[in-house]
file upload-v2.tsv (TSV, N, CA and C atoms)
chain	number	residue	atom	x	y	z
L	1	MET	N	147.86	-2.41	0.01
L	1	MET	CA	146.46	-2.80	0.09
L	1	MET	C	146.21	-3.90	-0.94
L	2	LYS	N	145.54	-4.93	-0.51
L	2	LYS	CA	145.22	-6.03	-1.42
L	2	LYS	C	144.06	-5.65	-2.32
L	3	THR	N	143.96	-6.33	-3.43
L	3	THR	CA	142.96	-6.00	-4.44
L	3	THR	C	141.54	-6.10	-3.89
L	4	TYR	N	141.25	-7.18	-3.19
L	4	TYR	CA	139.89	-7.33	-2.68
L	4	TYR	C	139.56	-6.29	-1.62
L	5	GLN	N	140.57	-5.82	-0.88
L	5	GLN	CA	140.33	-4.78	0.12
L	5	GLN	C	140.03	-3.44	-0.56
L	6	ALA	N	140.77	-3.13	-1.61
L	6	ALA	CA	140.51	-1.90	-2.36
L	6	ALA	C	139.14	-1.95	-3.02
L	7	ASN	N	138.77	-3.11	-3.53
L	7	ASN	CA	137.46	-3.26	-4.14
L	7	ASN	C	136.35	-3.11	-3.10
L	8	LEU	N	136.56	-3.69	-1.92
L	8	LEU	CA	135.57	-3.57	-0.85
L	8	LEU	C	135.42	-2.11	-0.42
L	9	LEU	N	136.53	-1.42	-0.26
L	9	LEU	CA	136.48	0.00	0.09
L	9	LEU	C	135.73	0.79	-0.97
L	10	ASN	N	136.03	0.53	-2.22
L	10	ASN	CA	135.38	1.23	-3.32
L	10	ASN	C	133.89	0.93	-3.36
L	11	SER	N	133.51	-0.34	-3.26
L	11	SER	CA	132.09	-0.70	-3.34
L	11	SER	C	131.30	-0.09	-2.20
L	12	LEU	N	131.84	-0.14	-0.99
L	12	LEU	CA	131.14	0.45	0.16
L	12	LEU	C	131.04	1.97	0.03
L	13	THR	N	132.08	2.60	-0.49
L	13	THR	CA	132.04	4.04	-0.69
L	13	THR	C	130.97	4.41	-1.72
L	14	LEU	N	130.91	3.67	-2.82
L	14	LEU	CA	129.88	3.93	-3.83
L	14	LEU	C	128.48	3.76	-3.24
L	15	ILE	N	128.28	2.70	-2.48
L	15	ILE	CA	126.97	2.43	-1.90
L	15	ILE	C	126.59	3.50	-0.87
L	16	ILE	N	127.49	3.79	0.04
L	16	ILE	CA	127.18	4.73	1.12
L	16	ILE	C	127.01	6.16	0.61
L	17	MET	N	127.93	6.63	-0.23
L	17	MET	CA	127.85	8.01	-0.73
L	17	MET	C	126.61	8.21	-1.60
L	18	CYS	N	126.31	7.24	-2.43
L	18	CYS	CA	125.13	7.34	-3.30
L	18	CYS	C	123.86	7.33	-2.47
L	19	SER	N	123.79	6.44	-1.50
L	19	SER	CA	122.60	6.37	-0.63
L	19	SER	C	122.43	7.66	0.15
L	20	TRP	N	123.53	8.18	0.68
L	20	TRP	CA	123.50	9.43	1.42
L	20	TRP	C	122.98	10.57	0.54
L	21	ALA	N	123.49	10.67	-0.66
L	21	ALA	CA	123.07	11.73	-1.57
L	21	ALA	C	121.59	11.58	-1.94
L	22	TYR	N	121.16	10.36	-2.19
L	22	TYR	CA	119.79	10.14	-2.62
L	22	TYR	C	118.80	10.39	-1.48
L	23	LEU	N	119.15	9.94	-0.28
L	23	LEU	CA	118.22	10.07	0.85
L	23	LEU	C	118.18	11.49	1.42
L	24	THR	N	119.21	12.28	1.21
L	24	THR	CA	119.23	13.65	1.74
L	24	THR	C	119.01	14.70	0.65
L	25	TYR	N	118.44	14.30	-0.46
L	25	TYR	CA	118.22	15.23	-1.57
L	25	TYR	C	117.24	16.31	-1.17
L	26	ASP	N	117.62	17.56	-1.44
L	26	ASP	CA	116.77	18.71	-1.12
L	26	ASP	C	116.02	19.13	-2.37
L	27	SER	N	114.71	18.98	-2.34
L	27	SER	CA	113.90	19.30	-3.53
L	27	SER	C	113.26	20.68	-3.40
L	28	SER	N	113.85	21.57	-2.64
L	28	SER	CA	113.30	22.91	-2.44
L	28	SER	C	113.33	23.75	-3.72
L	29	ASP	N	114.20	23.40	-4.67
L	29	ASP	CA	114.27	24.16	-5.91
L	29	ASP	C	113.28	23.68	-6.96
L	30	GLY	N	112.45	22.72	-6.61
L	30	GLY	CA	111.42	22.23	-7.51
L	30	GLY	C	111.82	21.06	-8.37
L	31	LYS	N	113.09	20.70	-8.37
L	31	LYS	CA	113.54	19.57	-9.16
L	31	LYS	C	113.32	18.28	-8.37
L	32	SER	N	112.87	17.26	-9.08
L	32	SER	CA	112.70	15.96	-8.41
L	32	SER	C	113.97	15.13	-8.60
L	33	GLN	N	114.18	14.22	-7.67
L	33	GLN	CA	115.36	13.35	-7.72
L	33	GLN	C	115.21	12.37	-8.88
L	34	ASN	N	116.25	12.20	-9.64
L	34	ASN	CA	116.24	11.32	-10.79
L	34	ASN	C	116.79	9.95	-10.39
L	35	PHE	N	116.22	8.89	-10.95
L	35	PHE	CA	116.66	7.54	-10.62
L	35	PHE	C	118.07	7.24	-11.14
L	36	THR	N	118.55	8.03	-12.09
L	36	THR	CA	119.91	7.81	-12.57
L	36	THR	C	120.94	8.12	-11.48
L	37	ALA	N	120.51	8.82	-10.44
L	37	ALA	CA	121.41	9.09	-9.31
L	37	ALA	C	121.75	7.81	-8.56
L	38	LEU	N	121.02	6.74	-8.81
L	38	LEU	CA	121.26	5.47	-8.13
L	38	LEU	C	122.22	4.56	-8.90
L	39	ILE	N	122.73	5.01	-10.03
L	39	ILE	CA	123.65	4.18	-10.81
L	39	ILE	C	124.90	3.81	-10.01
L	40	PRO	N	125.54	4.76	-9.29
L	40	PRO	CA	126.70	4.34	-8.48
L	40	PRO	C	126.34	3.31	-7.41
L	41	LEU	N	125.13	3.37	-6.89
L	41	LEU	CA	124.68	2.37	-5.92
L	41	LEU	C	124.65	0.98	-6.56
L	42	VAL	N	124.11	0.89	-7.75
L	42	VAL	CA	124.06	-0.39	-8.47
L	42	VAL	C	125.47	-0.89	-8.77
L	43	LEU	N	126.34	0.01	-9.21
L	43	LEU	CA	127.73	-0.37	-9.49
L	43	LEU	C	128.42	-0.85	-8.22
L	44	GLY	N	128.17	-0.18	-7.10
L	44	GLY	CA	128.74	-0.59	-5.83
L	44	GLY	C	128.26	-1.96	-5.39
L	45	ILE	N	126.99	-2.25	-5.62
L	45	ILE	CA	126.45	-3.58	-5.27
L	45	ILE	C	127.09	-4.65	-6.14
L	46	ILE	N	127.25	-4.37	-7.43
L	46	ILE	CA	127.90	-5.33	-8.33
L	46	ILE	C	129.33	-5.59	-7.86
L	47	LEU	N	130.06	-4.54	-7.51
L	47	LEU	CA	131.43	-4.70	-7.03
L	47	LEU	C	131.48	-5.46	-5.71
L	48	LEU	N	130.51	-5.22	-4.85
L	48	LEU	CA	130.46	-5.94	-3.58
L	48	LEU	C	130.22	-7.43	-3.82
L	49	LEU	N	129.38	-7.75	-4.78
L	49	LEU	CA	129.12	-9.16	-5.12
L	49	LEU	C	130.35	-9.81	-5.75
L	50	CYS	N	131.19	-9.03	-6.40
L	50	CYS	CA	132.40	-9.56	-7.02
L	50	CYS	C	133.54	-9.77	-6.02
L	51	ASN	N	133.42	-9.23	-4.83
L	51	ASN	CA	134.54	-9.20	-3.90
L	51	ASN	C	135.05	-10.58	-3.51
L	52	ASN	N	134.16	-11.54	-3.29
L	52	ASN	CA	134.60	-12.89	-2.92
L	52	ASN	C	135.39	-13.55	-4.06
L	53	GLY	N	134.94	-13.35	-5.28
L	53	GLY	CA	135.66	-13.89	-6.43
L	53	GLY	C	137.02	-13.24	-6.62
L	54	ILE	N	137.10	-11.95	-6.32
L	54	ILE	CA	138.38	-11.25	-6.40
L	54	ILE	C	139.33	-11.80	-5.34
L	55	LYS	N	138.79	-12.04	-4.16
L	55	LYS	CA	139.61	-12.58	-3.07
L	55	LYS	C	140.16	-13.96	-3.42
L	56	LYS	N	139.37	-14.75	-4.16
L	56	LYS	CA	139.79	-16.08	-4.58
L	56	LYS	C	140.59	-16.03	-5.88
L	57	GLU	N	140.90	-14.82	-6.37
L	57	GLU	CA	141.69	-14.58	-7.57
L	57	GLU	C	141.09	-15.17	-8.83
L	58	ASN	N	139.76	-15.08	-8.95
L	58	ASN	CA	139.05	-15.49	-10.15
L	58	ASN	C	139.28	-14.42	-11.22
L	59	LYS	N	139.88	-14.82	-12.34
L	59	LYS	CA	140.25	-13.86	-13.38
L	59	LYS	C	139.04	-13.19	-14.03
L	60	ILE	N	138.00	-13.97	-14.31
L	60	ILE	CA	136.83	-13.41	-14.98
L	60	ILE	C	136.14	-12.38	-14.09
L	61	ILE	N	135.97	-12.71	-12.83
L	61	ILE	CA	135.32	-11.77	-11.90
L	61	ILE	C	136.19	-10.53	-11.70
L	62	SER	N	137.49	-10.72	-11.65
L	62	SER	CA	138.39	-9.57	-11.51
L	62	SER	C	138.30	-8.64	-12.72
L	63	HIS	N	138.23	-9.20	-13.91
L	63	HIS	CA	138.11	-8.38	-15.10
L	63	HIS	C	136.75	-7.68	-15.16
L	64	LEU	N	135.71	-8.36	-14.72
L	64	LEU	CA	134.39	-7.74	-14.63
L	64	LEU	C	134.42	-6.56	-13.66
L	65	ALA	N	135.08	-6.75	-12.53
L	65	ALA	CA	135.19	-5.68	-11.54
L	65	ALA	C	135.97	-4.49	-12.09
L	66	VAL	N	136.99	-4.76	-12.89
L	66	VAL	CA	137.76	-3.66	-13.50
L	66	VAL	C	136.87	-2.86	-14.45
L	67	ILE	N	136.06	-3.53	-15.22
L	67	ILE	CA	135.17	-2.84	-16.15
L	67	ILE	C	134.15	-2.00	-15.38
L	68	VAL	N	133.57	-2.56	-14.33
L	68	VAL	CA	132.59	-1.83	-13.53
L	68	VAL	C	133.26	-0.64	-12.84
L	69	THR	N	134.49	-0.83	-12.35
L	69	THR	CA	135.22	0.27	-11.71
L	69	THR	C	135.52	1.37	-12.71
L	70	LEU	N	135.91	1.01	-13.93
L	70	LEU	CA	136.16	2.00	-14.97
L	70	LEU	C	134.88	2.78	-15.29
L	71	ILE	N	133.76	2.09	-15.37
L	71	ILE	CA	132.47	2.75	-15.60
L	71	ILE	C	132.17	3.72	-14.46
L	72	ALA	N	132.48	3.32	-13.22
L	72	ALA	CA	132.24	4.19	-12.07
L	72	ALA	C	133.11	5.44	-12.14
L	73	ILE	N	134.36	5.29	-12.55
L	73	ILE	CA	135.25	6.45	-12.66
L	73	ILE	C	134.73	7.41	-13.72
L	74	ILE	N	134.47	6.88	-14.90
L	74	ILE	CA	134.02	7.73	-16.01
L	74	ILE	C	132.66	8.36	-15.70
L	75	GLY	N	131.76	7.54	-15.15
L	75	GLY	CA	130.41	8.03	-14.85
L	75	GLY	C	130.40	9.12	-13.80
L	76	ASN	N	131.21	8.98	-12.77
L	76	ASN	CA	131.23	9.98	-11.71
L	76	ASN	C	132.03	11.22	-12.10
L	77	ALA	N	133.03	11.05	-12.94
L	77	ALA	CA	133.89	12.18	-13.31
L	77	ALA	C	133.24	13.10	-14.34
L	78	THR	N	132.15	12.67	-14.94
L	78	THR	CA	131.53	13.50	-15.97
L	78	THR	C	130.39	14.34	-15.39
L	79	LYS	N	129.19	13.93	-15.59
L	79	LYS	CA	128.02	14.75	-15.23
L	79	LYS	C	127.88	15.01	-13.74
L	80	PRO	N	127.96	14.01	-12.86
L	80	PRO	CA	127.74	14.32	-11.43
L	80	PRO	C	128.74	15.33	-10.86
L	81	LEU	N	130.00	15.17	-11.19
L	81	LEU	CA	131.01	16.10	-10.67
L	81	LEU	C	130.83	17.48	-11.26
L	82	MET	N	130.60	17.56	-12.55
L	82	MET	CA	130.44	18.86	-13.20
L	82	MET	C	129.19	19.58	-12.68
L	83	SER	N	128.11	18.84	-12.47
L	83	SER	CA	126.88	19.45	-11.94
L	83	SER	C	127.08	19.97	-10.53
L	84	ALA	N	127.78	19.19	-9.71
L	84	ALA	CA	128.04	19.62	-8.33
L	84	ALA	C	128.92	20.87	-8.31
L	85	ILE	N	129.89	20.93	-9.20
L	85	ILE	CA	130.76	22.10	-9.26
L	85	ILE	C	129.99	23.32	-9.75
L	86	GLU	N	129.19	23.14	-10.82
L	86	GLU	CA	128.42	24.25	-11.37
L	86	GLU	C	127.41	24.80	-10.36
L	87	ASP	N	126.78	23.91	-9.59
L	87	ASP	CA	125.77	24.34	-8.62
L	87	ASP	C	126.40	24.81	-7.31
L	88	GLY	N	127.70	24.61	-7.15
L	88	GLY	CA	128.38	25.04	-5.94
L	88	GLY	C	128.02	24.21	-4.72
L	89	ARG	N	127.68	22.96	-4.93
L	89	ARG	CA	127.31	22.07	-3.82
L	89	ARG	C	128.58	21.42	-3.28
L	90	GLU	N	129.11	21.95	-2.19
L	90	GLU	CA	130.36	21.45	-1.63
L	90	GLU	C	130.24	20.00	-1.17
L	91	LEU	N	129.12	19.67	-0.54
L	91	LEU	CA	128.93	18.30	-0.07
L	91	LEU	C	128.83	17.32	-1.24
L	92	GLY	N	128.18	17.75	-2.31
L	92	GLY	CA	128.10	16.92	-3.52
L	92	GLY	C	129.47	16.73	-4.15
L	93	ILE	N	130.26	17.80	-4.18
L	93	ILE	CA	131.62	17.69	-4.72
L	93	ILE	C	132.43	16.71	-3.88
L	94	PHE	N	132.29	16.78	-2.55
L	94	PHE	CA	133.00	15.87	-1.66
L	94	PHE	C	132.60	14.42	-1.93
L	95	ARG	N	131.29	14.16	-2.01
L	95	ARG	CA	130.82	12.78	-2.20
L	95	ARG	C	131.30	12.21	-3.53
L	96	VAL	N	131.13	12.96	-4.59
L	96	VAL	CA	131.53	12.47	-5.91
L	96	VAL	C	133.04	12.31	-5.99
L	97	SER	N	133.78	13.26	-5.44
L	97	SER	CA	135.24	13.17	-5.46
L	97	SER	C	135.73	11.96	-4.67
L	98	LEU	N	135.08	11.66	-3.55
L	98	LEU	CA	135.45	10.49	-2.77
L	98	LEU	C	135.18	9.20	-3.55
L	99	MET	N	134.05	9.16	-4.26
L	99	MET	CA	133.75	7.98	-5.08
L	99	MET	C	134.78	7.81	-6.20
L	100	ILE	N	135.17	8.92	-6.81
L	100	ILE	CA	136.19	8.87	-7.87
L	100	ILE	C	137.53	8.42	-7.29
L	101	LEU	N	137.91	8.98	-6.15
L	101	LEU	CA	139.19	8.64	-5.52
L	101	LEU	C	139.28	7.16	-5.18
L	102	THR	N	138.26	6.61	-4.54
L	102	THR	CA	138.31	5.19	-4.18
L	102	THR	C	138.28	4.30	-5.42
L	103	SER	N	137.59	4.74	-6.45
L	103	SER	CA	137.57	3.97	-7.70
L	103	SER	C	138.95	3.97	-8.36
L	104	ILE	N	139.64	5.10	-8.31
L	104	ILE	CA	140.99	5.17	-8.88
L	104	ILE	C	141.94	4.31	-8.07
L	105	ILE	N	141.82	4.33	-6.75
L	105	ILE	CA	142.67	3.47	-5.90
L	105	ILE	C	142.43	2.01	-6.24
L	106	ALA	N	141.16	1.63	-6.38
L	106	ALA	CA	140.84	0.24	-6.73
L	106	ALA	C	141.41	-0.11	-8.11
L	107	MET	N	141.30	0.80	-9.06
L	107	MET	CA	141.81	0.55	-10.40
L	107	MET	C	143.33	0.36	-10.38
L	108	ILE	N	144.02	1.17	-9.60
L	108	ILE	CA	145.48	1.04	-9.50
L	108	ILE	C	145.85	-0.32	-8.91
L	109	THR	N	145.14	-0.75	-7.87
L	109	THR	CA	145.45	-2.06	-7.28
L	109	THR	C	145.13	-3.19	-8.24
L	110	PHE	N	144.07	-3.05	-9.03
L	110	PHE	CA	143.77	-4.06	-10.05
L	110	PHE	C	144.90	-4.15	-11.06
L	111	VAL	N	145.33	-3.01	-11.57
L	111	VAL	CA	146.39	-3.01	-12.58
L	111	VAL	C	147.67	-3.61	-12.01
L	112	LYS	N	148.03	-3.23	-10.78
L	112	LYS	CA	149.23	-3.80	-10.15
L	112	LYS	C	149.11	-5.31	-10.00
L	113	SER	N	147.93	-5.79	-9.61
L	113	SER	CA	147.76	-7.24	-9.44
L	113	SER	C	147.83	-7.96	-10.78
L	114	PHE	N	147.30	-7.34	-11.86
L	114	PHE	CA	147.38	-7.95	-13.19
L	114	PHE	C	148.84	-8.00	-13.66
L	115	ILE	N	149.60	-6.95	-13.38
L	115	ILE	CA	151.00	-6.92	-13.76
L	115	ILE	C	151.77	-8.00	-13.00
L	116	ASN	N	151.51	-8.11	-11.70
L	116	ASN	CA	152.17	-9.15	-10.89
L	116	ASN	C	151.82	-10.55	-11.37
L	117	ALA	N	150.55	-10.77	-11.71
L	117	ALA	CA	150.12	-12.09	-12.19
L	117	ALA	C	150.76	-12.38	-13.55
L	118	ARG	N	150.89	-11.38	-14.38
L	118	ARG	CA	151.48	-11.56	-15.70
L	118	ARG	C	152.97	-11.88	-15.60
L	119	SER	N	153.66	-11.25	-14.63
L	119	SER	CA	155.09	-11.48	-14.50
L	119	SER	C	155.41	-12.86	-13.90
L	120	LYS	N	154.44	-13.45	-13.24
L	120	LYS	CA	154.65	-14.80	-12.68
L	120	LYS	C	154.48	-15.78	-13.77
call {"tool": "encode", "arguments": {"input": "upload-v2.tsv", "output": "structure tokens"}}
result
Amino acid sequence: MKTYQANLLNSLTLIIMCSWAYLTYDSSDGKSQNFTALIPLVLGIILLLCNNGIKKENKIISHLAVIVTLIAIIGNATKPLMSAIEDGRELGIFRVSLMILTSIIAMITFVKSFINARSK
């Protein structure tokens, strides 16, 4: 998988999963939806905007995308995943795990492309 394809997959996954979670939020327990739940959506949009630069092998945009991807991994692996596990929300666990998985795949492709560029 090429770097820009992995980034596109990751950005779309972040956007779709976050939108799905936000739009289908069940407030029957009295809790209101928090705007911090939209952080993965913003990160996904940033990564989507970076995709053309990654495809053109722009180093600065690629490094920016790596930082945003790392933030997405750390951000999703902490509070959202732990909350979903504690509350027993299987669908939430699935969504967050999918976002983490695609972010890790994108990170691996970024690292491989940096290693290949360095060896040339």
call {"tool": "atom_distance", "arguments": {"input": "upload-v2.tsv", "atom1": "CA of Leu12 in chain L", "atom2": "CA of Gly44 in chain L"}}
result
6.5 Å
call {"tool": "closest_atom_pairs", "arguments": {"input": "upload-v2.tsv", "of": "range 40-76 of chain L", "to": "range 93-108 of chain L", "cutoff": "9 Å", "atoms": "only C-alpha atoms", "output": "JSON lines"}}
result
{"residue": "L:Pro40", "atom": "CA", "partner": "L:Met99", "partner_atom": "CA", "distance": 8.6}
{"residue": "L:Val66", "atom": "CA", "partner": "L:Met107", "partner_atom": "CA", "distance": 6.6}
{"residue": "L:Thr69", "atom": "CA", "partner": "L:Ser103", "partner_atom": "CA", "distance": 5.9}
{"residue": "L:Leu70", "atom": "CA", "partner": "L:Met107", "partner_atom": "CA", "distance": 7.4}
{"residue": "L:Ala72", "atom": "CA", "partner": "L:Ser103", "partner_atom": "CA", "distance": 6.9}
{"residue": "L:Ile73", "atom": "CA", "partner": "L:Ile100", "partner_atom": "CA", "distance": 5.4}
{"residue": "L:Ile74", "atom": "CA", "partner": "L:Ile100", "partner_atom": "CA", "distance": 8.5}
{"residue": "L:Asn76", "atom": "CA", "partner": "L:Val96", "partner_atom": "CA", "distance": 6.3}
call {"tool": "atom_distance", "arguments": {"input": "upload-v2.tsv", "atom1": "atom C of Lys59 in chain L", "atom2": "atom N of Lys2 in chain L"}}
result
17.1 Å
call {"tool": "atom_distance", "arguments": {"input": "upload-v2.tsv", "atom1": "CA of Asn116 in chain L", "atom2": "atom C of Cys50 in chain L"}}
result
19.3 Å
call {"tool": "axis_aligned_box", "arguments": {"input": "upload-v2.tsv", "around": "range 8-12 of chain L", "padding_each_side": "6 Å", "output": "AutoDock Vina command-line options"}}
result
--center_x 133.8 --center_y -0.9 --center_z -1.6 --size_x 17.5 --size_y 17.7 --size_z 15.5
call {"tool": "closest_residue", "arguments": {"input": "upload-v2.tsv", "among": "L:Arg118, L:Lys79, L:Lys112, L:Lys31", "to": "Gly92 in chain L", "atoms": "only C-alpha atoms"}}
result
L:Lys79
call {"tool": "select_by_dssp", "arguments": {"input": "upload-v2.tsv", "residues": "chain L", "states": "helix (DSSP H, G or I)", "output": "MDAnalysis selection string"}}
result
chainID L and resid 3:23 35:55 59:77 79:87 90:119
call {"tool": "residues_around", "arguments": {"input": "upload-v2.tsv", "residues": "range 13-26 of chain L", "least_positions_apart": "2", "cutoff": "6.5 Å", "atoms": "all atoms listed in the file", "output": "ChimeraX atom specification"}}
result
/L:8-11,28-29,37-38,40-41,44-45,95,99
